[in-house]
>>> print(open('coords_26.tsv').read())   # TSV, C-alpha atoms
chain	number	residue	atom	x	y	z
A	1	MET	CA	-8.74	-4.93	-17.18
A	2	SER	CA	-11.48	-7.08	-18.67
A	3	ASN	CA	-10.91	-10.69	-19.68
A	4	SER	CA	-11.66	-9.75	-23.28
A	5	ASP	CA	-8.90	-7.10	-23.25
A	6	SER	CA	-6.43	-9.64	-21.89
A	7	ASP	CA	-7.53	-12.23	-24.46
A	8	ASN	CA	-7.13	-9.67	-27.26
A	9	GLU	CA	-3.59	-8.91	-26.09
A	10	SER	CA	-2.73	-12.62	-26.03
A	11	ASP	CA	-4.21	-13.08	-29.48
A	12	SER	CA	-2.17	-10.12	-30.76
A	13	LEU	CA	1.06	-11.71	-29.53
A	14	SER	CA	0.20	-15.13	-30.90
A	15	ASN	CA	-0.70	-13.66	-34.30
A	16	GLN	CA	2.58	-11.80	-34.65
A	17	LEU	CA	4.91	-13.10	-37.34
A	18	GLU	CA	7.98	-14.70	-35.82
A	19	PHE	CA	11.00	-12.40	-35.83
A	20	SER	CA	13.04	-15.00	-37.74
A	21	HIS	CA	10.48	-14.82	-40.57
A	22	ARG	CA	10.56	-11.03	-40.87
A	23	PRO	CA	12.81	-9.60	-43.59
A	24	GLU	CA	13.76	-6.57	-41.47
A	25	TRP	CA	15.36	-8.89	-38.87
A	26	SER	CA	17.35	-11.01	-41.32
A	27	ASP	CA	20.62	-9.26	-40.41
A	28	VAL	CA	20.38	-10.21	-36.73
A	29	VAL	CA	21.81	-13.47	-35.41
A	30	PRO	CA	19.82	-14.39	-32.28
A	31	ILE	CA	21.76	-15.39	-29.16
A	32	GLU	CA	20.35	-18.36	-27.28
A	33	GLN	CA	20.20	-18.42	-23.52
A	34	ASP	CA	23.20	-20.21	-22.03
A	35	ASP	CA	21.91	-22.62	-19.40
A	36	GLY	CA	25.23	-24.44	-19.11
A	37	LEU	CA	26.14	-28.00	-20.03
A	38	ASN	CA	23.85	-29.70	-17.52
A	39	PRO	CA	20.94	-27.38	-16.68
A	40	VAL	CA	18.92	-28.29	-13.61
A	41	VAL	CA	15.15	-27.88	-13.83
A	42	ARG	CA	15.20	-26.26	-17.25
A	43	ILE	CA	12.41	-23.71	-17.70
A	44	ALA	CA	9.89	-24.71	-20.36
A	45	TYR	CA	9.82	-21.45	-22.31
A	46	SER	CA	7.36	-21.12	-25.15
A	47	ASP	CA	8.80	-20.85	-28.64
A	48	ARG	CA	7.59	-17.25	-28.85
A	49	PHE	CA	9.25	-16.38	-25.53
A	50	ARG	CA	12.54	-18.10	-26.40
A	51	GLU	CA	12.81	-16.45	-29.81
A	52	THR	CA	11.96	-12.97	-28.54
A	53	PHE	CA	14.60	-13.04	-25.83
A	54	ASP	CA	17.18	-14.54	-28.17
A	55	TYR	CA	16.75	-11.45	-30.33
A	56	ILE	CA	16.79	-9.18	-27.26
A	57	ARG	CA	20.16	-10.58	-26.24
A	58	ALA	CA	21.54	-10.05	-29.75
A	59	CYS	CA	20.35	-6.43	-29.90
A	60	MET	CA	21.58	-5.59	-26.42
A	61	LYS	CA	25.01	-7.01	-27.29
A	62	THR	CA	25.35	-4.49	-30.14
A	63	ASN	CA	23.53	-1.77	-28.17
A	64	GLU	CA	21.13	-1.22	-31.03
A	65	MET	CA	18.62	1.52	-30.38
A	66	SER	CA	16.07	1.73	-33.17
A	67	GLU	CA	12.35	1.60	-33.85
A	68	ARG	CA	12.56	-2.14	-34.43
A	69	THR	CA	14.26	-2.75	-31.09
A	70	LEU	CA	11.64	-0.56	-29.41
A	71	ASP	CA	8.98	-2.83	-30.91
A	72	LEU	CA	10.99	-5.86	-29.83
A	73	THR	CA	11.13	-4.68	-26.22
A	74	LYS	CA	7.36	-4.15	-26.27
A	75	THR	CA	6.84	-7.80	-27.13
A	76	ALA	CA	9.41	-8.87	-24.52
A	77	CYS	CA	7.73	-6.76	-21.81
A	78	GLN	CA	4.36	-8.23	-22.65
A	79	LEU	CA	5.80	-11.74	-22.41
A	80	ASN	CA	7.61	-11.04	-19.15
A	81	PRO	CA	6.61	-7.75	-17.49
A	82	ALA	CA	8.86	-8.53	-14.49
A	83	ASN	CA	12.09	-8.40	-16.52
A	84	TYR	CA	13.83	-5.30	-15.19
A	85	THR	CA	16.64	-5.47	-17.79
A	86	VAL	CA	14.23	-5.25	-20.71
A	87	TRP	CA	12.44	-2.25	-19.19
A	88	TYR	CA	15.82	-0.55	-18.70
A	89	TYR	CA	16.78	-1.25	-22.30
A	90	ARG	CA	13.41	0.03	-23.49
A	91	ARG	CA	13.93	3.34	-21.64
A	92	LYS	CA	17.35	3.78	-23.21
A	93	ILE	CA	15.80	3.35	-26.65
A	94	LEU	CA	12.90	5.70	-25.89
A	95	TYR	CA	15.23	8.46	-24.72
A	96	HIS	CA	17.64	7.92	-27.60
A	97	LEU	CA	14.88	8.12	-30.21
A	98	LYS	CA	13.17	11.01	-28.40
A	99	SER	CA	9.94	9.03	-28.59
A	100	ASP	CA	6.56	10.43	-27.57
A	101	LEU	CA	6.45	9.65	-23.85
A	102	ASN	CA	2.70	10.22	-23.72
A	103	GLU	CA	2.37	7.16	-25.94
A	104	GLU	CA	4.63	5.29	-23.55
A	105	LEU	CA	2.44	6.29	-20.59
A	106	ALA	CA	-0.54	4.83	-22.44
A	107	PHE	CA	1.36	1.60	-23.02
A	108	ILE	CA	2.62	1.27	-19.46
A	109	GLY	CA	-0.84	2.17	-18.17
A	110	GLN	CA	-2.24	-0.84	-19.99
A	111	MET	CA	0.57	-2.99	-18.64
A	112	ILE	CA	-0.16	-1.87	-15.08
A	113	LYS	CA	-3.84	-2.72	-15.50
A	114	GLU	CA	-2.80	-6.20	-16.55
A	115	ASN	CA	-0.09	-6.53	-13.88
A	116	PRO	CA	-1.08	-4.18	-11.03
A	117	LYS	CA	1.21	-5.80	-8.45
A	118	ASN	CA	4.34	-5.94	-10.55
A	119	TYR	CA	7.10	-3.71	-9.22
A	120	GLN	CA	8.86	-3.17	-12.56
A	121	VAL	CA	5.85	-1.72	-14.38
A	122	TRP	CA	5.29	0.87	-11.64
A	123	GLU	CA	8.98	1.78	-11.58
A	124	HIS	CA	8.96	2.23	-15.36
A	125	ARG	CA	5.97	4.56	-15.13
A	126	ARG	CA	7.64	6.56	-12.36
A	127	LEU	CA	10.79	7.06	-14.45
A	128	ILE	CA	8.81	8.01	-17.56
A	129	VAL	CA	6.80	10.58	-15.60
A	130	GLU	CA	9.99	11.90	-14.03
A	131	ARG	CA	11.54	12.27	-17.48
A	132	SER	CA	8.51	13.85	-19.14
A	133	GLY	CA	7.04	15.86	-16.26
A	134	HIS	CA	3.57	14.82	-17.42
A	135	THR	CA	1.64	14.49	-14.16
A	136	SER	CA	-1.84	15.81	-14.97
A	137	ASN	CA	-3.48	12.38	-15.29
A	138	GLU	CA	-1.47	10.49	-12.71
A	139	LEU	CA	-3.63	10.82	-9.61
A	140	SER	CA	-6.77	9.79	-11.49
A	141	PHE	CA	-4.88	6.87	-13.04
A	142	ILE	CA	-3.76	5.64	-9.60
A	143	ALA	CA	-7.31	6.10	-8.29
A	144	SER	CA	-8.58	3.81	-11.06
A	145	ILE	CA	-6.13	1.11	-9.96
A	146	LEU	CA	-7.06	1.54	-6.29
A	147	GLN	CA	-10.72	1.28	-7.24
A	148	ASN	CA	-10.05	-2.37	-8.09
A	149	ASP	CA	-7.71	-3.02	-5.17
A	150	SER	CA	-7.64	-0.36	-2.47
A	151	LYS	CA	-4.72	-2.04	-0.66
A	152	ASN	CA	-2.33	-2.17	-3.64
A	153	TYR	CA	1.04	-1.37	-2.05
A	154	HIS	CA	2.70	-0.44	-5.35
A	155	ALA	CA	-0.05	2.03	-6.24
A	156	TRP	CA	0.15	3.71	-2.83
A	157	GLN	CA	3.94	3.86	-2.96
A	158	TYR	CA	3.81	5.49	-6.37
A	159	ARG	CA	1.09	7.90	-5.23
A	160	GLN	CA	3.18	9.02	-2.27
A	161	TRP	CA	6.19	9.61	-4.50
A	162	LEU	CA	4.03	11.64	-6.89
A	163	LEU	CA	2.53	13.79	-4.13
A	164	LYS	CA	5.90	14.55	-2.56
A	165	THR	CA	7.78	15.16	-5.81
A	166	TYR	CA	5.22	17.43	-7.49
A	167	SER	CA	3.39	18.86	-4.42
A	168	LEU	CA	-0.01	17.57	-5.53
A	169	TRP	CA	-1.48	17.65	-2.02
A	170	SER	CA	-4.44	19.99	-2.50
A	171	ASN	CA	-7.27	17.44	-2.77
A	172	GLU	CA	-5.68	14.43	-1.14
A	173	LEU	CA	-7.48	14.59	2.22
A	174	ASN	CA	-10.82	14.78	0.39
A	175	TYR	CA	-9.83	11.73	-1.66
A	176	ILE	CA	-8.91	9.83	1.50
A	177	ASP	CA	-12.18	10.80	3.14
A	178	GLN	CA	-14.01	9.40	0.12
A	179	LEU	CA	-12.13	6.10	0.44
A	180	LEU	CA	-12.95	5.85	4.14
A	181	GLN	CA	-16.61	6.52	3.45
A	182	GLU	CA	-16.52	3.57	1.06
A	183	ASP	CA	-14.55	1.33	3.44
A	184	ILE	CA	-13.88	2.56	6.95
A	185	ARG	CA	-11.50	-0.38	7.51
A	186	ASN	CA	-9.19	0.66	4.67
A	187	ASN	CA	-5.91	0.68	6.59
A	188	SER	CA	-4.06	2.03	3.54
A	189	ALA	CA	-6.28	5.11	3.51
A	190	TRP	CA	-5.73	5.72	7.23
A	191	ASN	CA	-1.99	5.41	6.67
A	192	GLN	CA	-2.21	7.84	3.73
A	193	ARG	CA	-4.05	10.39	5.86
A	194	TYR	CA	-1.24	10.32	8.40
A	195	PHE	CA	1.34	10.58	5.60
A	196	VAL	CA	-0.34	13.61	4.02
A	197	ILE	CA	-0.60	15.56	7.27
A	198	ALA	CA	2.98	14.70	8.25
A	199	HIS	CA	4.24	16.13	4.95
A	200	THR	CA	2.01	19.20	4.73
A	201	THR	CA	0.71	20.98	7.82
A	202	GLY	CA	2.46	18.80	10.36
A	203	PHE	CA	0.79	17.83	13.64
A	204	LYS	CA	0.31	21.26	15.15
A	205	ASP	CA	-2.08	21.68	18.07
A	206	ASP	CA	-5.10	22.65	15.96
A	207	ILE	CA	-4.43	19.81	13.51
A	208	ILE	CA	-4.16	17.33	16.37
A	209	GLU	CA	-7.53	18.42	17.74
A	210	ARG	CA	-9.10	18.23	14.28
A	211	GLU	CA	-7.75	14.73	13.71
A	212	LEU	CA	-8.89	13.57	17.13
A	213	ASP	CA	-12.40	14.79	16.26
A	214	TYR	CA	-12.17	12.95	12.95
A	215	VAL	CA	-10.96	9.61	14.27
A	216	GLU	CA	-13.22	9.62	17.32
A	217	LYS	CA	-16.25	10.06	15.06
A	218	HIS	CA	-15.13	7.10	12.96
A	219	ILE	CA	-14.47	4.94	16.03
A	220	GLN	CA	-17.93	5.68	17.37
A	221	SER	CA	-19.50	4.58	14.10
A	222	CYS	CA	-17.40	1.40	13.91
A	223	PRO	CA	-15.61	0.50	17.17
A	224	ASP	CA	-14.44	-2.92	15.92
A	225	ASN	CA	-11.97	-1.37	13.49
A	226	GLU	CA	-8.29	-1.74	14.35
A	227	SER	CA	-7.25	0.76	11.67
A	228	SER	CA	-8.97	3.73	13.30
A	229	TRP	CA	-7.70	2.76	16.76
A	230	ASN	CA	-4.16	2.64	15.39
A	231	TYR	CA	-4.68	6.06	13.86
A	232	LEU	CA	-5.83	7.34	17.26
A	233	ARG	CA	-2.64	5.92	18.79
A	234	GLY	CA	-0.57	7.74	16.18
A	235	ILE	CA	-2.26	11.09	16.81
A	236	ALA	CA	-2.16	10.60	20.59
A	237	ARG	CA	1.64	10.38	20.44
A	238	PHE	CA	1.69	14.11	19.79
A	239	ARG	CA	-0.15	14.78	23.03
A	240	SER	CA	0.43	13.53	26.53
A	241	ILE	CA	-0.97	10.01	26.36
A	242	ASN	CA	-1.27	9.34	30.08
A	243	LEU	CA	-4.41	9.98	32.09
A	244	ASN	CA	-3.49	13.62	32.55
A	245	ASP	CA	-4.67	14.03	28.97
A	246	GLN	CA	-8.31	13.91	29.89
A	247	ARG	CA	-9.62	14.26	26.35
A	248	ILE	CA	-8.45	10.84	25.16
A	249	TRP	CA	-9.19	9.08	28.43
A	250	ASN	CA	-12.64	10.65	28.68
A	251	PHE	CA	-13.43	9.54	25.14
A	252	CYS	CA	-12.51	5.94	25.98
A	253	GLN	CA	-14.26	6.00	29.33
A	254	ASN	CA	-17.44	7.34	27.75
A	255	LEU	CA	-17.45	4.49	25.23
A	256	TYR	CA	-16.80	2.00	28.01
A	257	GLU	CA	-19.53	3.22	30.35
A	258	ASN	CA	-22.21	4.21	27.86
A	259	HIS	CA	-21.74	1.62	25.12
A	260	PHE	CA	-19.63	-1.36	26.11
A	261	GLN	CA	-21.36	-2.01	29.43
A	262	LYS	CA	-24.76	-1.79	27.75
A	263	ASP	CA	-23.88	-4.00	24.80
A	264	ASP	CA	-24.91	-7.55	25.74
A	265	PHE	CA	-25.02	-8.88	22.19
A	266	ASN	CA	-21.72	-7.90	20.60
A	267	ASN	CA	-19.09	-7.41	23.28
A	268	ARG	CA	-16.35	-8.49	20.89
A	269	GLN	CA	-16.60	-5.24	18.93
A	270	TRP	CA	-15.13	-3.43	21.95
A	271	ARG	CA	-11.86	-5.42	22.18
A	272	PHE	CA	-9.80	-2.57	20.74
A	273	LEU	CA	-11.33	-0.10	23.20
A	274	LEU	CA	-10.44	-2.22	26.21
A	275	GLY	CA	-6.97	-2.94	24.87
A	276	TYR	CA	-6.27	0.76	24.37
A	277	MET	CA	-7.58	1.62	27.83
A	278	ILE	CA	-5.11	-0.88	29.26
A	279	GLU	CA	-2.29	0.85	27.35
A	280	LEU	CA	-3.31	4.23	28.74
A	281	LEU	CA	-3.46	2.85	32.28
A	282	ILE	CA	-0.01	1.25	31.94
A	283	ASP	CA	1.44	4.56	30.71
A	284	ASP	CA	-0.06	6.53	33.60
A	285	ASP	CA	2.87	7.14	35.96
A	286	ARG	CA	1.01	8.99	38.73
A	287	ASP	CA	1.89	7.37	42.06
A	288	GLU	CA	-1.47	8.21	43.65
A	289	LYS	CA	-3.30	6.31	40.88
A	290	ARG	CA	-1.05	3.24	40.74
A	291	GLU	CA	-3.17	0.81	42.77
A	292	GLU	CA	-6.44	1.99	41.24
A	293	ASN	CA	-4.98	1.58	37.77
A	294	LYS	CA	-3.74	-1.93	38.59
A	295	ARG	CA	-7.23	-2.96	39.69
A	296	MET	CA	-8.75	-1.55	36.50
A	297	ILE	CA	-6.14	-3.28	34.35
A	298	THR	CA	-6.95	-6.56	36.07
A	299	ASP	CA	-10.67	-6.10	35.47
A	300	LEU	CA	-10.20	-5.21	31.79
A	301	CYS	CA	-7.81	-8.14	31.23
A	302	GLU	CA	-10.35	-10.50	32.82
A	303	LYS	CA	-13.06	-9.29	30.46
A	304	LEU	CA	-10.79	-9.65	27.44
A	305	ALA	CA	-9.45	-13.07	28.40
A	306	LEU	CA	-12.79	-14.65	29.34
A	307	GLN	CA	-15.45	-12.86	27.29
A	308	ILE	CA	-14.26	-10.63	24.49
A	309	ASP	CA	-10.92	-11.79	23.09
A	310	SER	CA	-10.51	-15.32	24.41
A	311	ILE	CA	-8.41	-16.38	21.41
A	312	ARG	CA	-5.66	-14.25	22.99
A	313	LYS	CA	-6.42	-15.37	26.53
A	314	LYS	CA	-2.79	-16.18	27.35
A	315	TYR	CA	-1.66	-12.76	26.17
A	316	TRP	CA	-4.17	-10.94	28.36
A	317	ARG	CA	-3.22	-13.16	31.30
A	318	TYR	CA	0.39	-12.16	30.75
A	319	ILE	CA	-0.50	-8.43	30.68
A	320	GLN	CA	-2.52	-8.92	33.84
A	321	GLU	CA	0.39	-10.60	35.62
A	322	GLN	CA	2.81	-7.88	34.53
A	323	TYR	CA	0.71	-4.79	35.22
A	324	GLY	CA	-2.37	-5.79	37.22
A	325	THR	CA	-2.93	-6.71	40.84
A	326	LYS	CA	-0.98	-9.75	42.08
>>> encode(input="coords_26.tsv", output="structure tokens")
Amino acid sequence: MSNSDSDNESDSLSNQLEFSHRPEWSDVVPIEQDDGLNPVVRIAYSDRFRETFDYIRACMKTNEMSERTLDLTKTACQLNPANYTVWYYRRKILYHLKSDLNEELAFIGQMIKENPKNYQVWEHRRLIVERSGHTSNELSFIASILQNDSKNYHAWQYRQWLLKTYSLWSNELNYIDQLLQEDIRNNSAWNQRYFVIAHTTGFKDDIIERELDYVEKHIQSCPDNESSWNYLRGIARFRSINLNDQRIWNFCQNLYENHFQKDDFNNRQWRFLLGYMIELLIDDDRDEKREENKRMITDLCEKLALQIDSIRKKYWRYIQEQYGTK
């Protein structure tokens, strides 16, 4: 949302006539907030805020559900979009009046743009969509929010609910691929890819091989990316992850021999490779390879502790002591 849009919304609220000065509200006796006899750290509410919620309390006490209370809840939600009780009351009124829920989606869409990390606004939208069944614009709406903040947890949570509830999977992998082309380190997109496959095709043998091809290509283009290495770990769980699974080990060994050992200028970008190789060596339970694996673990830990990942020197020393040569 632009600053001008936000300013216009603030101006609209400030220009509203006070409820106590409106003839249509003359029959309502507002109920003040009861902070007790000796309130501690009293909140400095604005006059507008205090009056609005005084009227909200009065209307909720009588369970009034009318157009004027719907308008009242709109003002209250704009003043405090995190107030779950007001959103609940607003939904009751909407359903009672059989209001146009498309209009409500437009309103809550604007509220989300202003408050994209507010749980209550996303929950309200979810419940309105669930009630109306209007899903046609939802994925594009979420994409517009993620365009501004690709790691927005609330947006991703809502997107996953939408996909599962209404089976809107058809283009999701393409969307994720687009996000990863824009930012290969987008951990949320990697997580979403795993989520989509887990809930659609599942990790069958051909899907596993396809995803290994996919993640290996991305690791080769950007080896210093923990997100893609974690994705590789997740996919590898569906195969044998010890050294008998030559595909994964050969991929790592090729990077080590043909890239890491020839990279004199930026060794640090290979820290995730070496760390994952150590994991594979630790998981290899072949007796005939035990001593050889220990020596390799020791060598890799030395490189990590002294050259590549010295900030975690003590950790790599510990791994060396536990799994390397004594």
>>> closest_residue(input="coords_26.tsv", among="A:Tyr214, A:Arg271, A:Lys117, A:Thr298", to="A:Arg312", atoms="only C-alpha atoms")
A:Arg271
>>> atom_distance(input="coords_26.tsv", atom1="atom CA of A:Tyr231", atom2="atom CA of A:Tyr119")
27.7 Å
>>> residues_around(input="coords_26.tsv", residues="stretch 161-164 of chain A", least_positions_apart="5", cutoff="9 Å", atoms="all atoms listed in the file", output="list of chain:residue names")
A:Arg126, A:Thr135, A:Glu138, A:Leu139, A:Trp156, A:Trp169, A:Glu172, A:Val196, A:His199
>>> residues_around(input="coords_26.tsv", residues="A:Gln261", least_positions_apart="6", cutoff="10 Å", atoms="all atoms listed in the file", output="number ranges by chain")
A: 255, 267, 270
>>> atom_distance(input="coords_26.tsv", atom1="atom CA of A:Leu281", atom2="atom CA of A:Lys294")
7.9 Å
>>> residues_around(input="coords_26.tsv", residues="A:Pro223", least_positions_apart="5", cutoff="9 Å", atoms="only C-alpha atoms", output="ChimeraX atom specification")
/A:218,228-229,269-273
>>> closest_residue(input="coords_26.tsv", among="A:Ser20, A:Ser150, A:Cys301, A:Arg159", to="A:Tyr315", atoms="all atoms listed in the file")
A:Cys301
>>> atom_distance(input="coords_26.tsv", atom1="atom CA of A:Asp309", atom2="atom CA of A:Arg268")
6.7 Å
>>> closest_residue(input="coords_26.tsv", among="A:Asp100, A:Val28, A:Tyr84, A:Leu37", to="A:Arg68", atoms="only C-alpha atoms")
A:Val28
>>> closest_residue(input="coords_26.tsv", among="A:Asn118, A:Asn230, A:Asn254, A:Gln16", to="A:Asn152", atoms="all atoms listed in the file")
A:Asn118
>>> residues_around(input="coords_26.tsv", residues="A:Phe203", least_positions_apart="4", cutoff="10 Å", atoms="all atoms listed in the file", output="list of chain:residue names")
A:Tyr194, A:Ile197, A:Ala198, A:His199, A:Ile207, A:Ile208, A:Glu209, A:Arg210, A:Glu211, A:Ile235, A:Phe238, A:Arg239
>>> closest_residue(input="coords_26.tsv", among="A:Arg91, A:Lys74, A:His21, A:Lys151", to="A:Ile56", atoms="only C-alpha atoms")
A:Lys74
>>> residues_around(input="coords_26.tsv", residues="stretch 93-97 of chain A", least_positions_apart="4", cutoff="7 Å", atoms="all atoms listed in the file", output="PDB file with C-alpha atoms, keeping the file's coordinate frame")
ATOM      1  CA  MET A  65      18.620   1.520 -30.380  1.00  0.00           C
ATOM      2  CA  SER A  66      16.070   1.730 -33.170  1.00  0.00           C
ATOM      3  CA  LEU A  70      11.640  -0.560 -29.410  1.00  0.00           C
ATOM      4  CA  TYR A  89      16.780  -1.250 -22.300  1.00  0.00           C
TER       5      TYR A  89
END
>>> closest_residue(input="coords_26.tsv", among="A:Leu127, A:Leu232, A:Met296, A:Asn225", to="A:Gln253", atoms="all atoms listed in the file")
A:Met296
>>> build_atoms(input="coords_26.tsv", residues="stretch 223-238 of chain A", atoms="N, CA, C and O atoms", output="CSV table (one decimal), keeping the file's coordinate frame")
chain,number,residue,atom,x,y,z
A,223,PRO,N,-16.6,0.7,16.1
A,223,PRO,CA,-15.6,0.5,17.2
A,223,PRO,C,-14.7,-0.7,16.9
A,223,PRO,O,-13.6,-0.8,17.4
A,224,ASP,N,-15.2,-1.7,16.2
A,224,ASP,CA,-14.4,-2.9,15.9
A,224,ASP,C,-13.6,-2.7,14.7
A,224,ASP,O,-13.7,-3.5,13.7
A,225,ASN,N,-12.8,-1.7,14.6
A,225,ASN,CA,-12.0,-1.4,13.5
A,225,ASN,C,-10.6,-1.0,14.0
A,225,ASN,O,-10.3,0.1,14.4
A,226,GLU,N,-9.6,-1.9,13.8
A,226,GLU,CA,-8.3,-1.7,14.4
A,226,GLU,C,-7.6,-0.6,13.7
A,226,GLU,O,-6.8,0.1,14.3
A,227,SER,N,-7.9,-0.3,12.4
A,227,SER,CA,-7.2,0.8,11.7
A,227,SER,C,-7.5,2.1,12.3
A,227,SER,O,-6.5,2.9,12.5
A,228,SER,N,-8.7,2.4,12.7
A,228,SER,CA,-9.0,3.7,13.3
A,228,SER,C,-8.4,3.8,14.7
A,228,SER,O,-7.9,4.9,15.1
A,229,TRP,N,-8.3,2.7,15.4
A,229,TRP,CA,-7.7,2.8,16.8
A,229,TRP,C,-6.2,3.0,16.6
A,229,TRP,O,-5.6,3.7,17.4
A,230,ASN,N,-5.6,2.4,15.6
A,230,ASN,CA,-4.2,2.6,15.4
A,230,ASN,C,-3.9,4.1,15.0
A,230,ASN,O,-2.9,4.7,15.4
A,231,TYR,N,-4.8,4.7,14.2
A,231,TYR,CA,-4.7,6.1,13.9
A,231,TYR,C,-4.8,6.9,15.1
A,231,TYR,O,-4.0,7.9,15.3
A,232,LEU,N,-5.7,6.6,16.0
A,232,LEU,CA,-5.8,7.3,17.3
A,232,LEU,C,-4.5,7.3,18.1
A,232,LEU,O,-4.1,8.3,18.6
A,233,ARG,N,-3.9,6.1,18.1
A,233,ARG,CA,-2.6,5.9,18.8
A,233,ARG,C,-1.6,6.9,18.2
A,233,ARG,O,-0.8,7.5,18.9
A,234,GLY,N,-1.6,6.9,16.8
A,234,GLY,CA,-0.6,7.7,16.2
A,234,GLY,C,-0.7,9.2,16.5
A,234,GLY,O,0.2,9.9,16.7
A,235,ILE,N,-2.0,9.7,16.5
A,235,ILE,CA,-2.3,11.1,16.8
A,235,ILE,C,-2.0,11.4,18.3
A,235,ILE,O,-1.4,12.4,18.6
A,236,ALA,N,-2.3,10.4,19.1
A,236,ALA,CA,-2.2,10.6,20.6
A,236,ALA,C,-0.7,10.8,21.0
A,236,ALA,O,-0.4,11.4,22.0
A,237,ARG,N,0.2,10.2,20.1
A,237,ARG,CA,1.6,10.4,20.4
A,237,ARG,C,2.1,11.8,20.5
A,237,ARG,O,3.1,12.2,21.1
A,238,PHE,N,1.3,12.7,19.8
A,238,PHE,CA,1.7,14.1,19.8
A,238,PHE,C,1.1,14.9,21.0
A,238,PHE,O,1.3,16.1,21.1
